[in-house]
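Asker: Next comes the structure file structure.csv, holding CSV, C-alpha atoms and all ligand atoms.
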```
chain,number,residue,atom,x,y,z
Q,51,MET,CA,33.2,105.5,0.4
Q,52,GLN,CA,31.7,102.9,2.8
Q,53,LYS,CA,28.4,101.7,1.3
Q,54,LEU,CA,27.3,99.0,3.8
Q,55,GLU,CA,28.2,100.7,7.0
Q,56,GLY,CA,26.7,98.8,10.0
Q,57,LYS,CA,24.6,96.4,7.8
Q,58,THR,CA,24.5,92.8,8.8
Q,59,VAL,CA,25.2,90.4,5.9
Q,60,ILE,CA,25.2,86.6,5.6
Q,61,VAL,CA,27.4,84.9,3.0
Q,62,THR,CA,26.9,81.2,2.6
Q,63,GLY,CA,29.9,79.2,1.5
Q,64,GLY,CA,31.8,82.2,2.9
Q,65,GLY,CA,34.8,80.0,3.7
Q,66,GLY,CA,35.4,79.3,-0.1
Q,67,GLY,CA,36.9,81.1,-3.0
Q,68,ILE,CA,34.1,83.5,-4.2
Q,69,GLY,CA,32.5,83.5,-0.8
Q,70,GLY,CA,35.7,84.4,1.0
Q,71,ALA,CA,36.4,87.3,-1.4
Q,72,THR,CA,32.8,88.5,-1.0
Q,73,CYS,CA,33.0,88.5,2.8
Q,74,ARG,CA,36.2,90.5,2.7
Q,75,ARG,CA,34.8,93.0,0.1
Q,76,LEU,CA,31.6,93.5,2.1
Q,77,ALA,CA,33.5,93.9,5.4
Q,78,LYS,CA,35.7,96.6,3.7
Q,79,ALA,CA,32.4,98.4,2.7
Q,80,GLY,CA,31.6,98.5,6.4
Q,81,ALA,CA,29.3,95.5,6.7
Q,82,ARG,CA,29.1,93.2,9.8
Q,83,VAL,CA,29.7,89.8,8.1
Q,84,ALA,CA,28.3,86.4,9.1
Q,85,VAL,CA,30.5,83.8,7.4
Q,86,PHE,CA,28.4,80.7,6.9
Q,87,ASP,CA,30.0,77.5,5.8
Q,88,MET,CA,29.6,73.8,6.4
Q,89,ASN,CA,33.4,73.8,6.9
Q,90,PRO,CA,33.8,75.6,10.3
Q,91,GLU,CA,37.6,76.0,10.0
Q,92,ALA,CA,37.3,77.7,6.6
Q,93,ALA,CA,34.6,80.1,8.0
Q,94,GLN,CA,36.7,80.8,11.0
Q,95,ARG,CA,39.7,81.6,8.9
Q,96,VAL,CA,37.9,84.2,6.8
Q,97,ALA,CA,36.2,85.8,9.9
Q,98,ALA,CA,39.7,86.0,11.6
Q,99,GLU,CA,41.2,87.6,8.5
Q,100,ILE,CA,38.4,90.3,8.5
Q,101,ALA,CA,38.8,91.0,12.2
Q,102,ALA,CA,42.6,91.3,11.8
Q,103,ALA,CA,42.0,93.9,9.0
Q,104,GLY,CA,39.8,95.9,11.4
Q,105,GLY,CA,36.4,94.7,10.2
Q,106,THR,CA,33.5,93.0,11.9
Q,107,ALA,CA,32.8,89.3,11.2
Q,108,ALA,CA,31.7,86.1,12.9
Q,109,ALA,CA,31.9,82.5,11.7
Q,110,PHE,CA,28.9,80.1,11.9
Q,111,LYS,CA,29.0,76.5,11.0
Q,112,CYS,CA,26.0,76.0,8.8
Q,113,ASP,CA,25.2,73.2,6.3
Q,114,ILE,CA,22.5,74.9,4.2
Q,115,THR,CA,20.9,71.5,3.4
Q,116,ASN,CA,19.9,71.2,7.0
Q,117,ARG,CA,17.0,73.5,7.9
Q,118,ALA,CA,17.5,73.2,11.6
Q,119,GLU,CA,21.1,74.3,11.2
Q,120,VAL,CA,20.1,77.2,9.0
Q,121,ASP,CA,17.5,78.5,11.5
Q,122,ALA,CA,19.9,78.2,14.4
Q,123,ALA,CA,22.7,80.0,12.5
Q,124,VAL,CA,20.4,82.8,11.3
Q,125,ALA,CA,19.2,83.3,14.9
Q,126,ALA,CA,22.7,83.3,16.2
Q,127,THR,CA,23.7,85.9,13.6
Q,128,GLU,CA,20.9,88.2,14.6
Q,129,ALA,CA,21.8,87.8,18.3
Q,130,GLU,CA,25.5,88.6,17.6
Q,131,LEU,CA,25.5,91.0,14.7
Q,132,GLY,CA,21.9,92.3,14.5
Q,133,PRO,CA,19.0,92.1,12.0
Q,134,ILE,CA,19.9,90.7,8.6
Q,135,ALA,CA,20.0,93.3,5.8
Q,136,VAL,CA,21.8,91.3,3.1
Q,137,LEU,CA,21.9,87.6,2.1
Q,138,VAL,CA,24.4,86.3,-0.4
Q,139,ASN,CA,23.5,82.7,-1.3
Q,140,ASN,CA,26.8,81.5,-2.6
Q,141,ALA,CA,27.4,78.0,-1.3
Q,142,GLY,CA,27.5,75.5,-4.1
Q,143,TRP,CA,28.9,72.2,-5.4
Q,144,ASP,CA,29.4,70.6,-8.8
Q,145,VAL,CA,30.3,67.3,-10.4
Q,146,PHE,CA,31.6,67.1,-14.0
Q,147,LYS,CA,30.6,64.0,-16.0
Q,148,PRO,CA,28.3,63.1,-18.9
Q,149,PHE,CA,24.7,63.1,-17.8
Q,150,VAL,CA,24.1,59.5,-18.6
Q,151,LYS,CA,26.9,58.5,-16.2
Q,152,THR,CA,25.5,60.5,-13.3
Q,153,GLU,CA,23.7,58.7,-10.5
Q,154,PRO,CA,20.4,59.7,-8.8
Q,155,ALA,CA,22.3,60.0,-5.5
Q,156,GLU,CA,24.5,62.7,-7.2
Q,157,TRP,CA,21.4,64.5,-8.5
Q,158,ASP,CA,20.0,64.5,-4.9
Q,159,LYS,CA,23.2,66.0,-3.5
Q,160,LEU,CA,23.4,68.6,-6.2
Q,161,ILE,CA,19.8,69.6,-5.8
Q,162,ALA,CA,20.1,69.6,-2.0
Q,163,ILE,CA,23.1,72.0,-2.0
Q,164,ASN,CA,22.5,74.2,-5.0
Q,165,LEU,CA,18.7,74.6,-4.9
Q,166,THR,CA,17.1,73.3,-1.6
Q,167,GLY,CA,19.8,74.9,0.4
Q,168,ALA,CA,19.1,78.3,-1.2
Q,169,LEU,CA,15.4,77.8,-0.5
Q,170,HIS,CA,16.1,77.2,3.2
Q,171,MET,CA,18.2,80.4,3.4
Q,172,HIS,CA,15.5,82.5,1.6
Q,173,HIS,CA,12.8,81.0,3.8
Q,174,ALA,CA,14.7,81.8,7.0
Q,175,VAL,CA,15.5,85.5,6.2
Q,176,LEU,CA,12.6,86.8,4.2
Q,177,PRO,CA,10.0,87.2,6.9
Q,178,GLY,CA,12.4,89.4,9.0
Q,179,MET,CA,13.4,91.4,5.9
Q,180,ALA,CA,9.7,91.9,5.0
Q,181,GLU,CA,8.8,93.0,8.5
Q,182,ARG,CA,11.7,95.6,8.4
Q,183,LYS,CA,10.8,96.6,4.8
Q,184,TYR,CA,14.4,96.2,3.7
Q,185,GLY,CA,16.5,93.4,2.2
Q,186,ARG,CA,19.1,92.8,-0.5
Q,187,ILE,CA,19.5,89.2,-1.7
Q,188,VAL,CA,22.2,88.2,-4.2
Q,189,ASN,CA,22.1,84.7,-5.5
Q,190,VAL,CA,25.2,83.2,-7.1
Q,191,ALA,CA,24.1,81.0,-10.0
Q,192,SER,CA,26.3,80.1,-13.0
Q,193,ASP,CA,26.7,80.8,-16.7
Q,194,ALA,CA,25.8,77.1,-17.0
Q,195,ALA,CA,22.2,78.2,-16.1
Q,196,ARG,CA,22.1,80.6,-19.1
Q,197,GLY,CA,23.7,78.7,-21.9
Q,198,GLY,CA,24.1,75.1,-20.7
Q,199,SER,CA,27.4,73.4,-20.1
Q,200,SER,CA,28.3,69.9,-21.3
Q,201,GLY,CA,29.2,67.7,-18.3
Q,202,GLU,CA,27.1,69.8,-15.9
Q,203,ALA,CA,23.5,68.9,-16.7
Q,204,VAL,CA,22.1,68.6,-13.2
Q,205,TYR,CA,24.2,71.5,-11.8
Q,206,SER,CA,22.9,73.6,-14.7
Q,207,ALA,CA,19.3,72.6,-13.9
Q,208,CYS,CA,19.8,73.6,-10.3
Q,209,LYS,CA,21.3,76.9,-11.1
Q,210,GLY,CA,18.5,77.5,-13.7
Q,211,GLY,CA,16.1,76.9,-10.9
Q,212,LEU,CA,17.9,79.4,-8.7
Q,213,VAL,CA,17.5,82.0,-11.5
Q,214,ALA,CA,13.8,81.3,-11.8
Q,215,LEU,CA,13.4,81.4,-8.0
Q,216,SER,CA,15.2,84.7,-7.9
Q,217,LYS,CA,13.0,86.4,-10.5
Q,218,THR,CA,9.9,85.2,-8.8
Q,219,LEU,CA,10.9,86.2,-5.3
Q,220,ALA,CA,12.0,89.6,-6.8
Q,221,ARG,CA,8.4,90.1,-7.9
Q,222,GLU,CA,6.8,88.7,-4.8
Q,223,HIS,CA,8.9,90.8,-2.3
Q,224,ALA,CA,9.4,94.1,-4.2
Q,225,ARG,CA,6.5,95.6,-2.2
Q,226,HIS,CA,8.5,94.8,1.0
Q,227,GLY,CA,11.6,96.8,-0.1
Q,228,ILE,CA,13.5,93.6,-0.9
Q,229,THR,CA,15.6,93.2,-4.0
Q,230,VAL,CA,16.7,89.8,-5.4
Q,231,ASN,CA,19.3,89.6,-8.1
Q,232,VAL,CA,21.6,87.0,-9.6
Q,233,VAL,CA,25.3,86.9,-10.4
Q,234,CYS,CA,26.5,84.2,-12.8
Q,235,PRO,CA,30.2,83.4,-12.6
Q,236,GLY,CA,31.9,81.8,-15.6
Q,237,PRO,CA,34.9,79.5,-14.9
Q,238,THR,CA,36.5,81.1,-11.8
Q,239,ASP,CA,39.8,80.1,-10.2
Q,240,THR,CA,38.6,78.3,-7.0
Q,241,ALA,CA,38.7,74.9,-5.4
Q,242,LEU,CA,35.3,74.2,-7.1
Q,243,LEU,CA,36.7,74.6,-10.5
Q,244,ALA,CA,39.7,72.4,-9.7
Q,245,GLY,CA,37.3,69.7,-8.5
Q,246,VAL,CA,35.3,70.0,-11.7
Q,247,ALA,CA,38.4,69.6,-13.8
Q,248,GLU,CA,39.3,66.5,-11.9
Q,249,GLY,CA,36.2,64.9,-13.4
Q,250,ALA,CA,37.7,65.3,-16.9
Q,251,ARG,CA,40.1,62.9,-18.6
Q,252,ASP,CA,42.7,65.7,-18.8
Q,253,PRO,CA,42.1,68.3,-16.1
Q,254,ALA,CA,44.7,70.8,-17.4
Q,255,LYS,CA,43.3,70.5,-20.9
Q,256,LEU,CA,39.8,71.2,-19.7
Q,257,ILE,CA,40.9,74.4,-17.8
Q,258,GLU,CA,42.8,75.5,-20.9
Q,259,ALA,CA,39.6,74.9,-23.0
Q,260,PHE,CA,37.6,77.0,-20.5
Q,261,LYS,CA,40.2,79.7,-20.6
Q,262,SER,CA,40.4,79.9,-24.4
Q,263,ALA,CA,36.6,80.3,-24.7
Q,264,ILE,CA,36.7,83.4,-22.6
Q,265,PRO,CA,36.9,86.6,-24.7
Q,266,LEU,CA,38.9,88.5,-22.0
Q,267,GLY,CA,41.4,85.7,-22.1
Q,268,ARG,CA,41.7,84.6,-18.5
Q,269,LEU,CA,39.8,82.7,-15.8
Q,270,GLY,CA,37.7,84.8,-13.4
Q,271,GLN,CA,39.2,85.5,-10.0
Q,272,PRO,CA,37.1,85.5,-6.8
Q,273,ASP,CA,37.5,89.3,-6.5
Q,274,ASP,CA,35.9,89.8,-9.9
Q,275,LEU,CA,32.7,88.2,-8.5
Q,276,ALA,CA,32.9,90.0,-5.2
Q,277,GLY,CA,32.7,93.4,-6.9
Q,278,ALA,CA,29.4,92.6,-8.7
Q,279,ILE,CA,27.9,91.0,-5.6
Q,280,ALA,CA,28.8,94.0,-3.5
Q,281,PHE,CA,27.1,96.3,-6.0
Q,282,PHE,CA,23.8,94.4,-5.8
Q,283,ALA,CA,24.1,94.3,-2.0
Q,284,SER,CA,24.5,98.1,-1.8
Q,285,ASP,CA,21.9,100.9,-2.1
Q,286,ASP,CA,23.5,101.9,-5.5
Q,287,ALA,CA,21.4,99.0,-6.8
Q,288,SER,CA,18.2,99.9,-4.9
Q,289,PHE,CA,16.1,100.2,-8.1
Q,290,ILE,CA,17.4,97.0,-9.7
Q,291,THR,CA,15.7,93.7,-9.0
Q,292,GLY,CA,15.1,90.4,-10.7
Q,293,GLN,CA,18.2,90.8,-12.8
Q,294,VAL,CA,20.8,88.3,-13.9
Q,295,ILE,CA,24.4,89.4,-14.7
Q,296,SER,CA,27.2,87.3,-16.0
Q,297,VAL,CA,30.6,88.0,-14.6
Q,298,SER,CA,32.6,85.7,-16.9
Q,299,GLY,CA,35.0,87.7,-19.1
Q,300,GLY,CA,32.5,88.0,-22.0
Q,401,LIG,P1,34.5,76.9,-3.4
Q,401,LIG,O1,34.5,75.4,-3.4
Q,401,LIG,O2,35.7,77.7,-3.3
Q,401,LIG,O3,33.5,77.4,-2.3
Q,401,LIG,C1,32.3,76.8,-2.0
Q,401,LIG,C2,32.1,76.9,-0.5
Q,401,LIG,O4,30.7,76.4,-0.2
Q,401,LIG,C3,33.0,76.0,0.3
Q,401,LIG,O5,33.6,76.8,1.3
Q,401,LIG,C4,32.2,74.9,0.8
Q,401,LIG,O6,32.6,74.4,2.1
Q,401,LIG,C5,30.8,75.6,0.9
Q,401,LIG,N1,29.7,74.7,0.9
Q,401,LIG,C6,29.5,73.6,0.1
Q,401,LIG,N2,28.4,73.0,0.4
Q,401,LIG,C7,27.8,73.6,1.5
Q,401,LIG,C8,26.7,73.4,2.3
Q,401,LIG,N3,25.9,72.4,2.1
Q,401,LIG,N4,26.4,74.3,3.3
Q,401,LIG,C9,27.3,75.3,3.5
Q,401,LIG,N5,28.4,75.5,2.8
Q,401,LIG,C10,28.7,74.7,1.8
Q,401,LIG,O7,33.7,77.3,-4.8
Q,401,LIG,P2,33.4,78.7,-5.5
Q,401,LIG,O8,33.9,78.5,-6.9
Q,401,LIG,O9,33.8,79.8,-4.7
Q,401,LIG,O10,31.8,78.6,-5.6
Q,401,LIG,C11,31.0,79.7,-5.1
Q,401,LIG,C12,29.7,79.7,-5.9
Q,401,LIG,O11,30.0,80.0,-7.3
Q,401,LIG,C13,29.0,78.3,-6.0
Q,401,LIG,O12,27.6,78.5,-5.9
Q,401,LIG,C14,29.3,77.8,-7.4
Q,401,LIG,O13,28.4,76.9,-7.9
Q,401,LIG,C15,29.4,79.1,-8.2
Q,401,LIG,N6,30.1,79.1,-9.4
Q,401,LIG,C16,31.5,78.8,-9.4
Q,401,LIG,C17,32.1,78.7,-10.6
Q,401,LIG,C18,33.6,78.5,-10.7
Q,401,LIG,O14,34.2,78.3,-11.8
Q,401,LIG,N7,34.3,78.5,-9.6
Q,401,LIG,C19,31.5,78.9,-11.8
Q,401,LIG,C20,30.1,79.1,-11.8
Q,401,LIG,C21,29.4,79.2,-10.6
```
Have the structure of the file written as structure tokens, please.
Ligand code: NAD

Answerer:
Amino acid sequence: MQKLEGKTVIVTGGGGGIGGATCRRLAKAGARVAVFDMNPEAAQRVAAEIAAAGGTAAAFKCDITNRAEVDAAVAATEAELGPIAVLVNNAGWDVFKPFVKTEPAEWDKLIAINLTGALHMHHAVLPGMAERKYGRIVNVASDAARGGSSGEAVYSACKGGLVALSKTLAREHARHGITVNVVCPGPTDTALLAGVAEGARDPAKLIEAFKSAIPLGRLGQPDDLAGAIAFFASDDASFITGQVISVSGG
């Protein structure tokens, strides 16, 4: 059953692990997918895969920390694929080191990508969604926002901010027919996790420690996240807003 037939969706960080799986999943459900990524080749690769499988997708180079690029990419999406019904704020970045060893320049970069970038995206799409009285926003935070995570203090703070932002925007925009929900991945097998592990003294040991702390006994796979994101993006979730769900193996 196709649940997003003809709906235009934007997925930020759509060229990455979770973002790519989400783009493919939403396209399979019938959506017209705008793949946003600061890495244009990665975005193009995902859009081409979707087109080859018979779906509709277009790639847009968009660094979400740059408001002018966000506005231009959103306008280009609407011109090419139509009015935006769904936004998945998924682009993110992390560093793994004790807080006292982090530098203010790293905090600035983490905040710019994980929090300010998401603000730009909401700000760009909400007026149009409100006017059309329809919108589904799914924000990808992290379990680090819920329980904290040693070595990820500033990242956790950004993702906690994203959760609070989502709950507030859910209240503010409910009367416009817009829902805002949050999916929190646990450790998931992507380039981001590999990069985090590189920050540890023994990367393989860190991955093993993450894995052994997961009750279901394995790392998340990007498709595990895509399913939950697709649910919140669909009308099956039309009476759910301001909610936060962990997709983390328990
Ligand atoms: P990934 O590295 O595979 O993908 C991230 C994508 O975001 C990349 O394609 C990258 O180019 C893009 N990106 C980064 N900065 C950007 C910017 N400024 N503008 C536009 N695009 C940008 O990582 P992933 O694991 O798929 O991460 C997706 C989301 O899941 C992130 O928000 C991340 O914080 C969150 N998350 C991941 C894990 C995990 O273990 N992998 C755990 C918790 C939360």

Asker: Could you tell me, counting all atoms listed in the file, which protein and nucleic acid residues lie no more than 7 Å from ligand LIG 401 (chain Q), written as a VMD selection string?

Answerer: chain Q and resid 62 to 69 86 to 89 92 112 to 115 140 to 144 163 to 164 167 190 to 193 234 to 243 272

Asker: Given the point (27.3, 89.1, -18.8) in the file's coordinates, find the residues that have an atom at most 9 Å from it, counting only C-alpha atoms, and give them as an NGL selection string.

Answerer: :Q and (193 or 233-235 or 294-300)

Asker: My list of candidates is Q:Pro265, Q:Ala135, Q:Ala102, Q:Phe282. Which is closest to Val188 in chain Q when distances are computed with all atoms listed in the file?

Answerer: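 So, comparing all the options, the nearest one is Q:Phe282.
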
Asker: What's around Ile161 in chain Q at 9 Å? Count only C-alpha atoms, leave out sequence neighbours fewer than 3 positions away in its own chain, and write the answer as an mmCIF file with C-alpha atoms, in the coordinates of the input.

Answerer:
```cif
data_model
loop_
_atom_site.group_PDB
_atom_site.id
_atom_site.type_symbol
_atom_site.label_atom_id
_atom_site.label_comp_id
_atom_site.auth_asym_id
_atom_site.auth_seq_id
_atom_site.Cartn_x
_atom_site.Cartn_y
_atom_site.Cartn_z
ATOM 1 C CA GLU Q 156 24.500 62.700 -7.200
ATOM 2 C CA TRP Q 157 21.400 64.500 -8.500
ATOM 3 C CA ASP Q 158 20.000 64.500 -4.900
ATOM 4 C CA ASN Q 164 22.500 74.200 -5.000
ATOM 5 C CA LEU Q 165 18.700 74.600 -4.900
ATOM 6 C CA THR Q 166 17.100 73.300 -1.600
ATOM 7 C CA GLY Q 167 19.800 74.900 0.400
ATOM 8 C CA VAL Q 204 22.100 68.600 -13.200
ATOM 9 C CA TYR Q 205 24.200 71.500 -11.800
ATOM 10 C CA ALA Q 207 19.300 72.600 -13.900
ATOM 11 C CA CYS Q 208 19.800 73.600 -10.300
#
```

Asker: For range 172-184 of chain Q, work out the shell of residues within 6 Å, counting all atoms listed in the file and skipping chain neighbours fewer than 6 positions away, then give it as a PDB file with C-alpha atoms, in the frame of the given file.

Answerer:
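And here's selection.pdb as it stands now:
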```pdb
ATOM      1  CA  HIS Q 226       8.500  94.800   1.000  1.00  0.00           C
ATOM      2  CA  GLY Q 227      11.600  96.800  -0.100  1.00  0.00           C
ATOM      3  CA  ILE Q 228      13.500  93.600  -0.900  1.00  0.00           C
TER       4      ILE Q 228
END
```

Asker: Interatomic distance between CA of Thr229 in chain Q and CA of Arg95 in chain Q?

Answerer: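 Interatomic distance here is 29.7 Å.
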
Asker: If we count all atoms listed in the file, what is near Ile279 in chain Q at a cut-off of 9 Å, once residues fewer than 4 positions away on the same chain are taken out, given as number ranges by chain?

Answerer: Q: 72, 76, 138, 188-190, 232-233, 275, 283-284

Asker: For CA of Ala107 in chain Q and CA of Gly270 in chain Q, quote the distance in Å rounded to one decimal.

Answerer: 25.5 Å

Asker: In Å, with one decimal, what is the gap from CA of Arg225 in chain Q to CA of Leu54 in chain Q?

Answerer: 21.9 Å

Asker: I'd like the contact shell of Ile100 in chain Q - 7 Å cut-off, only C-alpha atoms, skipping same-chain residues fewer than 5 positions apart - returned as a tab-separated table (two decimals) with C-alpha atoms, in the coordinates of the input.

Answerer:
```tsv
chain	number	residue	atom	x	y	z
Q	74	ARG	CA	36.20	90.50	2.70
Q	77	ALA	CA	33.50	93.90	5.40
Q	105	GLY	CA	36.40	94.70	10.20
Q	106	THR	CA	33.50	93.00	11.90
Q	107	ALA	CA	32.80	89.30	11.20
```

Asker: Which is closer to Val230 in chain Q than all the others in Q:Ala254, Q:Ala101, Q:Leu137, Q:Ala203, using only C-alpha atoms?

Answerer: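 Ranking Q:Ala254, Q:Ala101, Q:Leu137, Q:Ala203 by distance to Val230 in chain Q, first place goes to Q:Leu137.
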
Asker: Residues near Ser206 in chain Q, anyone? I mean within 8 Å using all atoms listed in the file, not counting same-chain ones fewer than 4 positions away, as a count of residues only.

Answerer: 7

Asker: May I ask which of the residues Q:Ala98, Q:Ala84, Q:Ala276, Q:Val145 is the closest one to Ala125 in chain Q, counting all atoms listed in the file?

Answerer: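 Using all atoms listed in the file, the shortest distance to Ala125 in chain Q belongs to Q:Ala84.
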